[in-house]
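Reproduced below: data.txt, with compact mmCIF, C-alpha atoms and all ligand atoms.
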# COMPACT_ATOMS: atom_id res chain seq x y z
CA MET A 104 -33.77 -17.06 -12.86
CA LYS A 105 -31.23 -14.25 -12.69
CA THR A 106 -29.60 -12.68 -15.73
CA TYR A 107 -26.02 -11.51 -15.13
CA LEU A 108 -24.12 -9.02 -17.23
CA ILE A 109 -20.51 -9.89 -16.49
CA THR A 110 -18.11 -7.37 -17.97
CA GLY A 111 -14.48 -8.38 -18.45
CA GLY A 112 -15.52 -12.02 -18.20
CA ALA A 113 -12.79 -13.15 -20.59
CA GLY A 114 -10.05 -12.04 -18.20
CA PHE A 115 -8.53 -13.86 -15.23
CA ILE A 116 -11.03 -13.35 -12.40
CA GLY A 117 -14.04 -12.87 -14.70
CA SER A 118 -13.59 -16.26 -16.38
CA ASN A 119 -13.14 -17.96 -13.00
CA PHE A 120 -16.33 -16.22 -11.81
CA ILE A 121 -18.29 -17.41 -14.84
CA TYR A 122 -17.21 -21.02 -14.13
CA TYR A 123 -18.12 -20.57 -10.47
CA ILE A 124 -21.63 -19.26 -11.20
CA LEU A 125 -22.43 -21.80 -13.93
CA LYS A 126 -21.36 -24.61 -11.61
CA LYS A 127 -23.29 -23.31 -8.61
CA TYR A 128 -26.57 -22.26 -10.24
CA LYS A 129 -28.47 -24.15 -12.92
CA ASP A 130 -31.11 -21.43 -13.50
CA VAL A 131 -28.98 -18.44 -14.52
CA LYS A 132 -28.26 -16.61 -17.73
CA ILE A 133 -24.81 -15.10 -18.19
CA ILE A 134 -23.91 -12.45 -20.72
CA ASN A 135 -20.15 -12.06 -20.86
CA TYR A 136 -19.42 -8.60 -22.29
CA ASP A 137 -15.73 -8.11 -23.02
CA LYS A 138 -13.66 -5.95 -25.35
CA LEU A 139 -11.02 -8.69 -25.69
CA THR A 140 -7.96 -6.57 -25.04
CA TYR A 141 -4.56 -8.28 -24.75
CA ALA A 142 -5.80 -9.59 -21.36
CA GLY A 143 -9.09 -11.04 -22.60
CA ASN A 144 -9.01 -14.57 -23.93
CA LEU A 145 -11.97 -16.65 -25.07
CA GLU A 146 -9.82 -19.77 -24.76
CA ASN A 147 -10.38 -19.35 -20.99
CA LEU A 148 -14.07 -20.13 -21.53
CA GLU A 149 -13.88 -22.75 -24.26
CA SER A 150 -15.54 -25.44 -22.16
CA VAL A 151 -18.68 -23.34 -21.55
CA SER A 152 -18.95 -21.77 -25.01
CA ASP A 153 -21.80 -24.19 -25.92
CA ASN A 154 -23.59 -23.89 -22.58
CA PRO A 155 -27.12 -22.57 -23.32
CA ASN A 156 -26.94 -20.41 -20.16
CA TYR A 157 -23.87 -18.56 -21.47
CA THR A 158 -23.57 -15.90 -24.20
CA PHE A 159 -20.54 -13.89 -25.27
CA VAL A 160 -20.83 -10.33 -26.65
CA GLN A 161 -17.71 -8.51 -27.76
CA GLY A 162 -17.93 -4.88 -26.64
CA ASP A 163 -16.31 -2.00 -24.83
CA ILE A 164 -17.79 -0.71 -21.56
CA CYS A 165 -17.21 2.80 -22.94
CA ASP A 166 -19.57 2.04 -25.87
CA ARG A 167 -22.94 3.41 -24.76
CA ASP A 168 -24.84 2.24 -27.86
CA LYS A 169 -23.62 -1.32 -27.59
CA LEU A 170 -24.44 -1.44 -23.88
CA ASN A 171 -27.91 -0.05 -24.62
CA ALA A 172 -28.43 -2.82 -27.17
CA VAL A 173 -27.46 -5.46 -24.58
CA PHE A 174 -29.85 -4.03 -21.98
CA GLU A 175 -32.61 -3.78 -24.66
CA LYS A 176 -32.14 -7.40 -25.60
CA TYR A 177 -31.73 -8.93 -22.14
CA ASP A 178 -33.52 -8.12 -18.90
CA ILE A 179 -30.35 -7.75 -16.84
CA ASP A 180 -30.68 -8.30 -13.07
CA TYR A 181 -27.06 -8.18 -11.96
CA VAL A 182 -24.11 -6.26 -13.38
CA VAL A 183 -20.71 -7.45 -12.14
CA ASN A 184 -18.03 -5.12 -13.46
CA PHE A 185 -14.67 -6.88 -13.79
CA ALA A 186 -13.73 -5.00 -16.98
CA ALA A 187 -10.61 -2.97 -16.39
CA GLU A 188 -7.06 -2.29 -17.33
CA SER A 189 -5.57 -4.17 -14.40
CA HIS A 190 -1.77 -4.05 -14.48
CA VAL A 191 0.09 -1.49 -12.36
CA ASP A 192 3.29 -1.52 -14.47
CA ARG A 193 1.34 -0.78 -17.66
CA SER A 194 -0.46 2.09 -15.89
CA ILE A 195 2.88 3.66 -15.00
CA LYS A 196 3.89 3.64 -18.68
CA ASN A 197 0.51 4.57 -20.19
CA PRO A 198 -2.04 6.00 -17.75
CA GLU A 199 -4.65 7.34 -20.24
CA ILE A 200 -6.29 4.04 -21.15
CA PHE A 201 -6.70 3.34 -17.42
CA VAL A 202 -8.79 6.49 -17.04
CA THR A 203 -10.78 5.71 -20.18
CA THR A 204 -11.70 2.14 -19.31
CA ASN A 205 -11.66 2.17 -15.54
CA VAL A 206 -13.34 5.54 -14.94
CA LEU A 207 -15.29 6.51 -18.07
CA GLY A 208 -16.20 2.88 -18.78
CA THR A 209 -17.53 2.41 -15.26
CA VAL A 210 -19.64 5.57 -15.50
CA THR A 211 -21.04 4.51 -18.89
CA LEU A 212 -21.98 1.14 -17.45
CA LEU A 213 -23.52 2.65 -14.30
CA ASN A 214 -25.53 5.10 -16.34
CA THR A 215 -26.85 2.46 -18.71
CA ALA A 216 -27.90 0.20 -15.85
CA LYS A 217 -29.54 3.12 -14.05
CA HIS A 218 -31.48 4.05 -17.20
CA PHE A 219 -32.84 0.54 -17.74
CA TRP A 220 -33.43 -0.21 -14.06
CA THR A 221 -35.49 2.84 -13.07
CA GLU A 222 -39.27 3.00 -12.96
CA GLY A 223 -40.32 6.57 -12.20
CA ASP A 224 -38.11 7.61 -9.29
CA ASP A 225 -37.53 4.06 -8.06
CA PHE A 226 -35.31 1.17 -9.03
CA LYS A 227 -37.02 -2.06 -10.10
CA ALA A 228 -36.78 -4.82 -7.47
CA GLY A 229 -34.03 -7.44 -7.62
CA LYS A 230 -31.42 -5.36 -9.45
CA LYS A 231 -27.83 -4.86 -8.32
CA TYR A 232 -24.59 -3.39 -9.68
CA LEU A 233 -21.38 -4.76 -8.17
CA GLN A 234 -18.07 -2.99 -8.76
CA VAL A 235 -15.07 -5.27 -8.47
CA SER A 236 -12.45 -3.05 -6.88
CA THR A 237 -9.12 -3.51 -5.19
CA ASP A 238 -7.31 -3.04 -1.88
CA GLU A 239 -4.83 -0.83 -3.77
CA VAL A 240 -7.26 2.10 -3.44
CA TYR A 241 -6.22 2.31 0.24
CA GLY A 242 -2.55 2.89 -0.59
CA SER A 243 0.21 1.24 1.37
CA LEU A 244 0.57 -0.05 4.94
CA GLY A 245 3.53 0.09 7.29
CA LYS A 246 4.55 -2.93 9.36
CA ASP A 247 1.33 -3.00 11.41
CA GLY A 248 -2.38 -2.66 10.84
CA TYR A 249 -4.83 -3.65 8.13
CA PHE A 250 -7.10 -2.01 5.58
CA THR A 251 -10.70 -1.76 6.81
CA GLU A 252 -13.63 -0.41 4.80
CA SER A 253 -13.22 2.94 6.56
CA THR A 254 -9.51 3.33 5.76
CA PRO A 255 -9.27 6.55 3.72
CA LEU A 256 -8.63 6.19 -0.01
CA ASP A 257 -4.96 6.99 -0.68
CA SER A 258 -4.14 5.40 -4.03
CA HIS A 259 -0.69 5.89 -5.54
CA SER A 260 -0.38 4.36 -9.01
CA PRO A 261 -2.37 5.52 -12.05
CA TYR A 262 -4.07 2.07 -11.94
CA SER A 263 -5.16 2.30 -8.31
CA SER A 264 -6.13 5.95 -8.71
CA SER A 265 -8.36 5.08 -11.65
CA LYS A 266 -9.97 2.30 -9.55
CA ALA A 267 -10.45 4.70 -6.62
CA SER A 268 -12.06 7.24 -8.96
CA ALA A 269 -14.40 4.55 -10.27
CA ASP A 270 -15.31 3.56 -6.69
CA LEU A 271 -16.25 7.16 -5.92
CA MET A 272 -18.47 7.28 -9.01
CA VAL A 273 -20.21 4.06 -7.92
CA LYS A 274 -20.67 5.53 -4.44
CA SER A 275 -22.13 8.68 -5.97
CA TYR A 276 -24.79 6.62 -7.80
CA TYR A 277 -25.86 5.22 -4.44
CA ASP A 278 -25.66 8.50 -2.56
CA THR A 279 -27.45 10.50 -5.27
CA TYR A 280 -29.89 8.10 -6.90
CA ARG A 281 -30.06 5.28 -4.33
CA MET A 282 -28.97 2.90 -7.07
CA PRO A 283 -28.53 -0.61 -5.56
CA VAL A 284 -24.75 -1.04 -5.63
CA ASN A 285 -21.94 -2.78 -3.80
CA ILE A 286 -18.20 -2.30 -4.02
CA THR A 287 -15.83 -5.16 -3.20
CA ARG A 288 -12.15 -4.49 -2.52
CA CYS A 289 -10.04 -7.57 -2.81
CA SER A 290 -6.37 -8.31 -2.27
CA ASN A 291 -4.03 -10.02 -4.80
CA ASN A 292 -5.60 -13.02 -6.52
CA TYR A 293 -3.81 -16.05 -7.91
CA GLY A 294 -4.99 -19.16 -9.73
CA PRO A 295 -5.74 -20.47 -13.25
CA TYR A 296 -5.98 -18.20 -16.33
CA GLN A 297 -3.94 -15.28 -14.94
CA PHE A 298 -2.03 -13.39 -17.61
CA PRO A 299 1.75 -13.81 -17.14
CA GLU A 300 2.46 -10.12 -16.66
CA LYS A 301 1.42 -10.65 -13.00
CA LEU A 302 3.99 -11.96 -10.53
CA ILE A 303 2.91 -15.59 -10.00
CA PRO A 304 2.28 -16.74 -13.61
CA LEU A 305 5.28 -14.70 -14.79
CA VAL A 306 7.58 -16.51 -12.34
CA ILE A 307 6.14 -19.92 -13.29
CA ASN A 308 6.58 -19.19 -16.99
CA ASN A 309 10.14 -17.92 -16.53
CA CYS A 310 11.11 -20.98 -14.48
CA LEU A 311 9.77 -23.25 -17.20
CA ASN A 312 11.75 -21.35 -19.83
CA GLY A 313 14.93 -20.96 -17.78
CA ARG A 314 14.54 -17.19 -17.94
CA ASP A 315 15.72 -14.70 -15.29
CA ILE A 316 13.09 -13.82 -12.70
CA PRO A 317 12.84 -10.05 -12.20
CA VAL A 318 12.35 -9.14 -8.53
CA TYR A 319 11.62 -5.46 -7.97
CA GLY A 320 13.64 -3.58 -5.34
CA ASP A 321 14.60 -5.68 -2.31
CA GLY A 322 11.86 -8.29 -2.85
CA LEU A 323 10.42 -7.56 0.59
CA ASN A 324 7.20 -5.85 -0.50
CA ILE A 325 4.23 -7.72 0.90
CA ARG A 326 0.99 -8.75 -0.79
CA ASP A 327 -2.01 -10.50 0.79
CA TRP A 328 -2.72 -13.45 -1.52
CA LEU A 329 -6.16 -14.95 -2.14
CA TYR A 330 -7.04 -17.98 -4.25
CA VAL A 331 -9.32 -16.75 -7.04
CA GLU A 332 -12.17 -19.16 -6.20
CA ASP A 333 -12.38 -17.67 -2.70
CA HIS A 334 -12.76 -14.26 -4.32
CA CYS A 335 -15.53 -15.58 -6.62
CA ARG A 336 -17.42 -17.03 -3.64
CA ALA A 337 -17.18 -13.69 -1.85
CA ILE A 338 -18.53 -11.77 -4.86
CA ASP A 339 -21.46 -14.20 -5.16
CA LEU A 340 -22.28 -13.67 -1.47
CA VAL A 341 -22.10 -9.89 -1.68
CA LEU A 342 -24.23 -9.87 -4.83
CA ASN A 343 -26.96 -11.94 -3.22
CA ALA A 344 -26.79 -10.89 0.41
CA GLY A 345 -24.61 -7.79 0.76
CA ARG A 346 -26.29 -4.71 2.19
CA VAL A 347 -27.01 -2.22 -0.59
CA GLY A 348 -24.61 0.73 -0.73
CA GLN A 349 -21.92 -1.08 1.29
CA VAL A 350 -18.25 -1.71 0.62
CA TYR A 351 -16.81 -5.14 1.51
CA ASN A 352 -13.09 -5.88 1.83
CA ILE A 353 -12.04 -9.37 0.72
CA GLY A 354 -8.79 -10.97 1.82
CA GLY A 355 -7.62 -13.81 3.96
CA HIS A 356 -4.54 -12.99 6.06
CA ASN A 357 -2.16 -14.62 3.60
CA GLU A 358 0.59 -12.04 3.60
CA ARG A 359 3.83 -13.06 1.93
CA THR A 360 6.89 -11.16 0.72
CA ASN A 361 7.48 -11.25 -3.02
CA ILE A 362 10.77 -13.07 -2.58
CA HIS A 363 8.99 -15.78 -0.56
CA ILE A 364 6.55 -16.29 -3.46
CA VAL A 365 9.40 -16.46 -5.97
CA LYS A 366 11.42 -18.97 -3.90
CA THR A 367 8.33 -21.13 -3.28
CA ILE A 368 7.70 -21.46 -7.02
CA ILE A 369 11.36 -22.09 -7.85
CA SER A 370 11.55 -24.80 -5.21
CA TYR A 371 8.42 -26.59 -6.52
CA ILE A 372 9.66 -26.52 -10.13
CA HIS A 373 13.13 -27.64 -8.99
CA ASP A 374 11.70 -30.61 -7.06
CA HIS A 375 8.97 -31.69 -9.48
CA VAL A 376 9.87 -30.55 -13.00
CA ASN A 377 13.48 -29.60 -13.64
CA SER A 378 16.27 -29.83 -11.06
CA SER A 379 18.39 -27.29 -12.95
CA VAL A 380 15.91 -24.54 -12.05
CA ASP A 381 17.20 -22.83 -8.90
CA GLU A 382 17.56 -19.49 -7.15
CA LYS A 383 20.32 -18.42 -9.55
CA LEU A 384 17.44 -17.35 -11.84
CA ILE A 385 16.50 -14.57 -9.40
CA LYS A 386 17.55 -11.15 -10.69
CA TYR A 387 16.97 -8.11 -8.49
CA VAL A 388 15.98 -5.25 -10.79
CA GLN A 389 15.12 -1.56 -10.46
CA ASP A 390 12.14 -1.01 -8.18
CA ARG A 391 8.66 -0.20 -9.51
CA LYS A 392 8.04 3.58 -9.34
CA GLY A 393 5.88 4.41 -6.30
CA HIS A 394 5.91 0.74 -5.26
CA ASP A 395 3.41 0.15 -2.42
CA ARG A 396 5.21 -1.62 0.43
CA ARG A 397 2.52 -3.71 2.08
CA TYR A 398 -1.15 -4.65 1.59
CA GLY A 399 -3.14 -6.44 4.28
CA ILE A 400 -6.91 -6.83 4.44
CA ASP A 401 -9.10 -6.90 7.53
CA PRO A 402 -11.96 -9.16 6.38
CA SER A 403 -14.03 -8.88 9.62
CA LYS A 404 -16.98 -7.20 7.91
CA ILE A 405 -17.59 -9.82 5.22
CA LYS A 406 -16.90 -12.60 7.75
CA GLY A 407 -19.29 -11.14 10.32
CA GLU A 408 -22.12 -10.18 7.97
CA LEU A 409 -21.96 -12.86 5.29
CA GLY A 410 -20.02 -15.71 6.92
CA TRP A 411 -17.30 -15.63 4.26
CA TYR A 412 -13.83 -16.94 4.97
CA PRO A 413 -11.07 -18.10 2.60
CA GLU A 414 -11.21 -21.88 2.16
CA THR A 415 -7.86 -22.29 0.40
CA LYS A 416 -4.61 -22.08 2.37
CA PHE A 417 -1.83 -20.38 0.44
CA GLU A 418 0.43 -23.45 0.63
CA ASP A 419 -2.27 -25.59 -1.06
CA GLY A 420 -3.46 -22.95 -3.51
CA ILE A 421 0.00 -22.21 -4.85
CA VAL A 422 0.66 -25.90 -5.56
CA GLU A 423 -2.73 -26.24 -7.31
CA THR A 424 -1.89 -23.13 -9.32
CA ILE A 425 1.57 -24.28 -10.40
CA LYS A 426 0.11 -27.65 -11.38
CA TRP A 427 -2.59 -25.93 -13.46
CA TYR A 428 0.04 -24.02 -15.46
CA LEU A 429 2.08 -27.21 -15.90
CA ASP A 430 -1.01 -29.04 -17.18
CA ASN A 431 -1.92 -26.16 -19.50
CA ARG A 432 1.36 -25.41 -21.21
CA SER A 433 -0.45 -24.72 -24.51
CA TRP A 434 -2.55 -22.00 -22.81
CA MET A 435 0.67 -20.34 -21.62
CA ASP A 436 2.30 -20.77 -25.04
CA ASN A 437 -0.72 -19.13 -26.73
CA VAL A 438 -0.89 -16.11 -24.44
CA THR A 439 2.86 -15.52 -24.55
CA SER A 440 3.11 -15.58 -28.33
CA GLY A 441 2.99 -12.39 -30.42
CA ASP A 442 2.71 -9.10 -28.54
CA TYR A 443 3.69 -10.57 -25.17
CA GLN A 444 7.31 -10.94 -26.27
CA LYS A 445 7.45 -7.27 -27.25
CA TYR A 446 5.92 -6.28 -23.90
CA TYR A 447 8.38 -8.46 -22.01
CA GLU A 448 11.42 -7.12 -23.85
CA LYS A 449 10.37 -3.50 -23.35
CA MET A 450 9.66 -4.10 -19.69
CA TYR A 451 12.53 -6.31 -18.60
CA LEU A 452 15.34 -6.62 -21.15
P1 LIG B 1 -7.59 -8.98 -16.39
O1 LIG B 1 -6.68 -7.93 -16.89
O2 LIG B 1 -7.14 -10.40 -16.37
O3 LIG B 1 -8.95 -8.94 -17.22
C1 LIG B 1 -9.58 -7.75 -17.58
C2 LIG B 1 -10.66 -8.07 -18.61
O4 LIG B 1 -11.35 -6.86 -18.94
C3 LIG B 1 -10.10 -8.63 -19.93
O5 LIG B 1 -10.86 -9.72 -20.36
C4 LIG B 1 -10.23 -7.46 -20.90
O6 LIG B 1 -10.41 -7.86 -22.24
C5 LIG B 1 -11.46 -6.75 -20.35
N1 LIG B 1 -11.52 -5.33 -20.70
C6 LIG B 1 -10.51 -4.42 -20.60
N2 LIG B 1 -10.94 -3.22 -21.03
C7 LIG B 1 -12.25 -3.37 -21.38
C8 LIG B 1 -13.24 -2.48 -21.88
N3 LIG B 1 -12.97 -1.19 -22.11
N4 LIG B 1 -14.48 -2.96 -22.12
C9 LIG B 1 -14.77 -4.28 -21.91
N5 LIG B 1 -13.85 -5.17 -21.45
C10 LIG B 1 -12.61 -4.71 -21.17
O7 LIG B 1 -8.04 -8.51 -14.92
P2 LIG B 1 -8.32 -9.37 -13.61
O8 LIG B 1 -7.06 -9.59 -12.90
O9 LIG B 1 -9.21 -10.49 -13.96
O10 LIG B 1 -9.14 -8.28 -12.77
C11 LIG B 1 -10.54 -8.15 -12.92
C12 LIG B 1 -11.03 -7.02 -12.02
O11 LIG B 1 -10.69 -7.30 -10.67
C13 LIG B 1 -10.40 -5.68 -12.34
O12 LIG B 1 -11.39 -4.69 -12.21
C14 LIG B 1 -9.33 -5.50 -11.27
O13 LIG B 1 -9.13 -4.15 -10.99
C15 LIG B 1 -9.96 -6.23 -10.11
N6 LIG B 1 -9.04 -6.84 -9.14
C16 LIG B 1 -8.04 -7.66 -9.57
C17 LIG B 1 -7.23 -8.29 -8.64
C18 LIG B 1 -6.11 -9.23 -9.04
O14 LIG B 1 -5.32 -9.64 -8.18
N7 LIG B 1 -5.99 -9.61 -10.29
C19 LIG B 1 -7.44 -8.07 -7.26
C20 LIG B 1 -8.47 -7.21 -6.88
C21 LIG B 1 -9.27 -6.62 -7.82
O1 LIG B 2 -3.88 -5.93 -4.64
C1 LIG B 2 -4.73 -6.17 -5.71
C2 LIG B 2 -4.03 -5.89 -7.00
O2 LIG B 2 -3.09 -6.94 -7.20
C3 LIG B 2 -4.97 -5.79 -8.19
O3 LIG B 2 -5.82 -4.69 -8.02
C4 LIG B 2 -4.19 -5.65 -9.51
O4 LIG B 2 -5.08 -5.68 -10.60
C5 LIG B 2 -3.22 -6.80 -9.61
O5 LIG B 2 -2.42 -6.64 -10.77
C6 LIG B 2 -2.33 -6.88 -8.38
O6 LIG B 2 -1.42 -5.76 -8.34
P1 LIG B 2 0.12 -5.93 -7.90
O7 LIG B 2 0.89 -4.80 -8.45
O8 LIG B 2 0.21 -6.20 -6.44
O9 LIG B 2 0.45 -7.32 -8.68
P2 LIG B 2 1.72 -7.78 -9.53
O10 LIG B 2 1.53 -9.24 -9.80
O11 LIG B 2 1.98 -6.90 -10.68
O12 LIG B 2 2.92 -7.62 -8.51
C7 LIG B 2 2.92 -8.28 -7.25
C8 LIG B 2 4.18 -7.85 -6.51
O13 LIG B 2 5.32 -8.42 -7.17
C9 LIG B 2 4.40 -6.35 -6.50
O14 LIG B 2 4.97 -5.98 -5.26
C10 LIG B 2 5.42 -6.12 -7.62
C11 LIG B 2 6.23 -7.40 -7.62
N1 LIG B 2 6.76 -7.85 -8.92
C12 LIG B 2 5.87 -7.96 -9.96
C13 LIG B 2 6.30 -8.40 -11.20
C14 LIG B 2 5.33 -8.52 -12.35
C15 LIG B 2 8.09 -8.19 -9.08
O15 LIG B 2 8.88 -8.11 -8.13
N2 LIG B 2 8.51 -8.62 -10.30
C16 LIG B 2 7.67 -8.74 -11.38
O16 LIG B 2 8.14 -9.12 -12.48
With the file now loaded, output its structure as structure tokens.
Amino acid sequence: MKTYLITGGAGFIGSNFIYYILKKYKDVKIINYDKLTYAGNLENLESVSDNPNYTFVQGDICDRDKLNAVFEKYDIDYVVNFAAESHVDRSIKNPEIFVTTNVLGTVTLLNTAKHFWTEGDDFKAGKKYLQVSTDEVYGSLGKDGYFTESTPLDSHSPYSSSKASADLMVKSYYDTYRMPVNITRCSNNYGPYQFPEKLIPLVINNCLNGRDIPVYGDGLNIRDWLYVEDHCRAIDLVLNAGRVGQVYNIGGHNERTNIHIVKTIISYIHDHVNSSVDEKLIKYVQDRKGHDRRYGIDPSKIKGELGWYPETKFEDGIVETIKWYLDNRSWMDNVTSGDYQKYYEKMYL
């Protein structure tokens, strides 16, 4: 019986991970520790809220006392740190909170786990801390090549720089204290429960509302897309079988230009929902400052060591994803009410 502390579990990937673990293992205990920022939403987890293996605690990863209380109360085996400020555009406008949560929060969490997990000079058996990081720490690629685990860190945005800083702190806890840690660096995720500030749910929402679709720059920036469940499966593998102290890149050779993503969504909505939705909605807007041109992951290490590979082809995953948002219009309506409108107007209008 493993007890997981999942931080940021009310966000996009965290809630998908909680569903994944509760479905896969019957003998687990999950503590979802989340501050519930604009991006955290307990509606994501409504169907497991009564599950006896699941508990929610509202808290900030920067709050040492609250974390201490959680570790006092539960004998935590695994920490999986999803909690973060995660949106690049917001980091460009307001970097400070990214340093607070992503760097200071990570250190507070590491330190608490270290305190409760040490016995004399050693760590108790069966413990692990996993830092959910991003391919953005490697910076940007040209036309050729891929990010490997030994690609030097070269982050550009305040978001990716805060994630790179956090990664170095996690590494330092392994190098200095031999704390059992892993770092995973994943490419762009898509799937259910993603907040519509990110490209794919934003485009779906705008199509459904007949709103212009903002495409930054020339639309030819490339991202390497991964269906969120494939990411969850990779994290589970690394947690249980990853070599301690190692970094694992996660991505599945699904590179697409942004404009390809936008046109794919428009075409699906045009054909299946509303034939008046078409490419006239596309509006090329000013480019993102410091916009990374291309991300592409080399997943050889996780494939070779842990047998992981992405099971979902982009063409299937994107249809499943669009259908999920169509079937969950009330979820989208709820998350886009209130502050979202203000954010959208400030950002795009
Ligand atoms: P998200 O923005 O959807 O969710 C973040 C969650 O963290 C929210 O529930 C929020 O309430 C919570 N949170 C924020 N600040 C907190 C704090 N101080 N204390 C406790 N909880 C806090 O993010 P996501 O897209 O699910 O990303 C999760 C993690 O995965 C992040 O660390 C991100 O850097 C990383 N990641 C994301 C992607 C992607 O494509 N979305 C890809 C690779 C890595
Ligand atoms: O690569 C992993 C990263 O992917 C994660 O670490 C981040 O948390 C996650 O937000 C994501 O970052 P991106 O900046 O790549 O994702 P975003 O959805 O914001 O943008 C994807 C691409 O689409 C990017 O090139 C910018 C562009 N874009 C985005 C938006 C929101 C547009 O052209 N128009 C838009 O309105």
_9 Å shell around ligand LIG 2 (chain B) using only C-alpha atoms and all ligand atoms, listed as a VMD selection string_ = chain A and resid 187 to 192 236 to 240 262 to 263 266 288 to 293 299 to 306 316 to 328 360 to 362 364 to 365 387 to 388 390 to 391 394 to 399 450 to 451
*Counting all atoms listed in the file, figure out which residue out of A:Lys392, A:Arg432, A:Arg346, A:Lys129 gets nearest to Leu233 (chain A).*
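Looking at the shortest contact to Leu233 (chain A), the residue is A:Arg346.
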*Compare A:Met272, A:Ile121, A:Ile286, A:Val206 by their minimum atom-to-atom distance to Tyr232 (chain A), counting all atoms listed in the file, and give me the closest one.*
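Smallest separation from Tyr232 (chain A) among the options: A:Ile286.
Comparing A:Val438, A:Val380, A:Val422, A:Ile195 by their smallest distance to ligand LIG 1 (chain B), the closest is A:Val438 (using only C-alpha atoms and all ligand atoms).
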_Selected residue of minimal separation from ligand LIG 1 (chain B) among A:Val160, A:Leu271, A:Ile179, A:Val284, counting all atoms listed in the file_ = A:Val160
*Which one is closest to Tyr428 (chain A): A:Ile200, A:Ile338, A:Leu311, A:Ala186? Count only C-alpha atoms.*
A:Leu311
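Excluding His218 (chain A) itself and any same-chain residue fewer than 3 positions from it, the protein and nucleic acid residues within 12 Å of it, counting all atoms listed in the file, are A:Arg167, A:Leu170, A:Asn171, A:Phe174, A:Glu175, A:Ile179, A:Thr211, A:Leu212, A:Leu213, A:Asn214, A:Thr215, A:Thr221, A:Glu222, A:Gly223, A:Asp224, A:Asp225, A:Phe226, A:Lys227, A:Tyr276, A:Tyr280, A:Met282.
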